[in-house]
Structures are given as structure tokens and as C-alpha cells.
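Have a look at the structure below, then the notes.
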Amino acid sequence: MQMSLKSLIFSFIVNSATAGRDVIPFTHLQVSSPMTVEVVTDTSQSQVSLDIAADGMGLGWTVKASVEPMTFGRTLLLGMDERAARQGFHWPSSAGQATLRVPEALTEVSATGGAQVLVDVVTSALLADSKSNLTVTKFVTANKNRTNFIMASSGANITVEGGFAGKAFVKVGTGCIVKLGCLVSEAAVEADEGAKLFINAEWDTLNINAEDDETVKIIE
């Protein structure tokens, strides 16, 4: 009986430490630290679930996850807690990894501070800077008549493997690489010197303002 009670207590402690965090609904995601985050859209679930490796290592206090009201919609701010940042904290091994499951595709995803973000579906905007990497499996525009924004700066990279982005404004900064495998029907492009853009579009649908003729290449 004593052993069973100890086992029950141990199981409760483990499950409590590794349980996902409760998150209220949101439409935008901003990852602002050198975290590795995977976003999975699961229409069979009705609520958001967020599993953070640090929570199971006794380091949950180092990760901030809060939903804040922003101009364009509720945004999940995910990154290192300010207290940990002030102490110069660095996550050991896989502690900075997280898996986010959402019931519907996110409208906008941004990555900064060296974040590594992988998202299965996005519908409107992609933003990356500060040597972050943002990868999207499929772009599915929510409105074919609206312009979608894809912007990379400060050495960041953005990759979209497929889907349809419709109209787009694409800005690529120096030292950045943007690869748009999704079909783009028309786009206004701004590219700085040393930038690279690979885009799935027709030349005559692009309005390009670039420092170098070799900056923009069409994906055949």
C-alpha cells in the first residue's frame, strides 16, 4: 500500500511538471527568443495546447507565454522571461523547445531573437528578423483580394514550401534569404543589396525594386 501511494505521488508530480500550459485563443504568434517552436494545426481540437520542454525540467519560469491584445488581433508572445534574460540565462539542450497546437490556422507568425519556427499553415503574414528562421509548410491566403505581407530583415530567413499566397508585398533585407514555393499571383518586391528572393510567380506579375538584378529569381 505504501509503495502504491508513493508511486501515485510520483506520477502526480511528473504529470504536473510536464502538463501543457493553458492558453486563451489567439490569431497571431510572436516568438522572440532563441527557441525552437513547432506549430501544428489540428481542426479536431477546440482549444489551444502549448507544451514547453522547460516546464518538465524545472525551468518553466524561464519561458514567458502570454496572450496580449494587439492592433491586428490577439497575439501569443512566446519567449524568454525577462528575469531569465536579465540574468543572462541560456537554455540547456532541448529546454528551449516547444510544440503549439491550434484549432485553426494562424493569421500571422513572426520570429525574432534567433528563433527557429516551423508552422504547418499560415493565412496572412510572415515576419522574421535578427537571424531567425521561419519555415511554413503551406500558405493558404484568407482573402484573395487582400495583400499578404512577407518580410525578412537582419539576416533572417523565410521559407514557404507550398500553397497559394495570392497578392503579396515582399521585403527582403541584406543577408536574408526568402524562398516562396507557394504560388504568388502578383507581388510588390523590395530587396536590399545582398538579399536573395526565390519566388513562384510570373515575371510580368512582379513590381521589383531591387539593388541588384540577380536578387530575385523565379522558381520554375
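We name chains A, B, ... following the order of the C-alpha cells; residues begin at 1 in each chain, and ligands are numbered from 1 as shown.
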
Produce a table with one row for each residue of range 97-168 of chain A that has an atom at most 8 Å from any atom of range 52-76 of chain A, each row naming the nearest atom pair and its distance in Å at one decimal; use only C-alpha atoms; arrange rows by chain and rising residue number; format as a Markdown table.
```
| residue | atom | partner | partner_atom | distance |
| --- | --- | --- | --- | --- |
| A:Gln97 | CA | A:Ala53 | CA | 5.6 |
| A:Ala98 | CA | A:Ile52 | CA | 4.3 |
| A:Thr99 | CA | A:Ile52 | CA | 6.6 |
```

Can you write just those residues out, C-alpha atoms, as a CSV table (one decimal), in the first residue's frame?
```
chain,number,residue,atom,x,y,z
A,97,GLN,CA,11.8,23.6,-27.5
A,98,ALA,CA,8.0,24.0,-27.6
A,99,THR,CA,5.1,22.5,-29.5
```

Return as an MDAnalysis selection string the full set of residues in range 14-202 of chain A whose backbone-based DSSP assignment is alpha helix (DSSP H).
-> chainID A and resid 14:18 82:86

File dump, residues just selected, all heavy atoms, as a tab-separated table (two decimals), in the first residue's frame:
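Output file out-v3.tsv follows:
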```
chain	number	residue	atom	x	y	z
A	14	VAL	N	5.24	14.15	-11.72
A	14	VAL	CA	5.74	14.11	-13.10
A	14	VAL	C	4.72	14.70	-14.06
A	14	VAL	O	5.03	15.53	-14.92
A	14	VAL	CB	6.09	12.66	-13.52
A	14	VAL	CG1	6.39	12.61	-15.02
A	14	VAL	CG2	7.29	12.17	-12.72
A	15	ASN	N	3.46	14.28	-13.92
A	15	ASN	CA	2.44	14.76	-14.82
A	15	ASN	C	2.20	16.25	-14.66
A	15	ASN	O	1.95	16.96	-15.63
A	15	ASN	CB	1.12	14.00	-14.58
A	15	ASN	CG	1.19	12.57	-15.05
A	15	ASN	OD1	1.96	12.25	-15.95
A	15	ASN	ND2	0.41	11.69	-14.44
A	16	SER	N	2.31	16.75	-13.44
A	16	SER	CA	2.12	18.18	-13.20
A	16	SER	C	3.24	18.97	-13.84
A	16	SER	O	3.03	20.05	-14.39
A	16	SER	CB	2.07	18.47	-11.69
A	16	SER	OG	0.97	17.82	-11.10
A	17	ALA	N	4.46	18.43	-13.76
A	17	ALA	CA	5.62	19.15	-14.30
A	17	ALA	C	5.62	19.21	-15.81
A	17	ALA	O	6.15	20.12	-16.41
A	17	ALA	CB	6.91	18.50	-13.81
A	18	THR	N	5.02	18.20	-16.45
A	18	THR	CA	5.08	18.11	-17.91
A	18	THR	C	3.76	18.50	-18.58
A	18	THR	O	3.66	18.46	-19.79
A	18	THR	CB	5.46	16.68	-18.34
A	18	THR	OG1	4.48	15.76	-17.82
A	18	THR	CG2	6.82	16.30	-17.82
A	82	GLU	N	11.66	37.85	-18.84
A	82	GLU	CA	12.55	38.99	-18.63
A	82	GLU	C	13.55	38.75	-17.49
A	82	GLU	O	14.70	39.17	-17.55
A	82	GLU	CB	11.73	40.25	-18.34
A	82	GLU	CG	10.92	40.71	-19.54
A	82	GLU	CD	10.06	41.90	-19.22
A	82	GLU	OE1	10.07	42.35	-18.05
A	82	GLU	OE2	9.36	42.39	-20.13
A	83	ARG	N	13.11	38.03	-16.44
A	83	ARG	CA	14.01	37.76	-15.32
A	83	ARG	C	15.18	36.90	-15.77
A	83	ARG	O	16.33	37.16	-15.41
A	83	ARG	CB	13.25	37.05	-14.19
A	83	ARG	CG	12.14	37.87	-13.55
A	83	ARG	CD	11.29	36.99	-12.68
A	83	ARG	NE	10.64	35.92	-13.45
A	83	ARG	CZ	9.98	34.90	-12.91
A	83	ARG	NH1	9.91	34.78	-11.60
A	83	ARG	NH2	9.41	34.00	-13.69
A	84	ALA	N	14.89	35.88	-16.56
A	84	ALA	CA	15.94	35.00	-17.06
A	84	ALA	C	16.88	35.74	-18.01
A	84	ALA	O	18.10	35.55	-17.98
A	84	ALA	CB	15.33	33.78	-17.76
A	85	ALA	N	16.30	36.61	-18.84
A	85	ALA	CA	17.11	37.37	-19.80
A	85	ALA	C	18.08	38.31	-19.06
A	85	ALA	O	19.24	38.43	-19.45
A	85	ALA	CB	16.20	38.16	-20.73
A	86	ARG	N	17.59	38.93	-18.00
A	86	ARG	CA	18.45	39.85	-17.24
A	86	ARG	C	19.62	39.13	-16.59
A	86	ARG	O	20.69	39.69	-16.40
A	86	ARG	CB	17.63	40.57	-16.16
A	86	ARG	CG	16.73	41.67	-16.69
A	86	ARG	CD	16.26	42.58	-15.58
A	86	ARG	NE	15.49	41.85	-14.57
A	86	ARG	CZ	14.17	41.75	-14.58
A	86	ARG	NH1	13.48	42.32	-15.56
A	86	ARG	NH2	13.54	41.10	-13.62
```

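Near Val48 in chain A, within a cut-off of 9 Å and counting only C-alpha atoms, sit the residues Asp22, Val23, Ile24, Pro25, Phe26, Gln45, Ser46, Leu50, Leu100, Arg101, Val102 and Pro103 of chain A, with same-chain residues fewer than 2 positions away left out.
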
So how many Å separate CA of Asp213 in chain A and CA of Val172 in chain A, to one decimal?
-> 13.8 Å

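Proximity to Ile177 in chain A was assessed for A:Ala165, A:Ile158, A:Val40, A:Val122 counting only C-alpha atoms; the smallest distance is recorded for A:Ile158.
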
Non-local contacts of Ala168 in chain A (6 Å; only C-alpha atoms; under 4 positions in same chain excluded) as a ChimeraX atom specification = /A:147-149,187

Which residues come within 7 Å of range 184-186 of chain A, counting only C-alpha atoms, excluding same-chain residues fewer than 2 positions away, as a list in words?
-> Phe164, Ala165, Gly166, Lys167, Ala168, Cys182, Asn200, Ala201, Thr205 and Leu206 of chain A

All strand (DSSP E or B) positions in range 19-112 of chain A, as a ChimeraX atom specification = /A:21-23,28-31,36-41,48-52,63-70,73-80,97-102,106-111
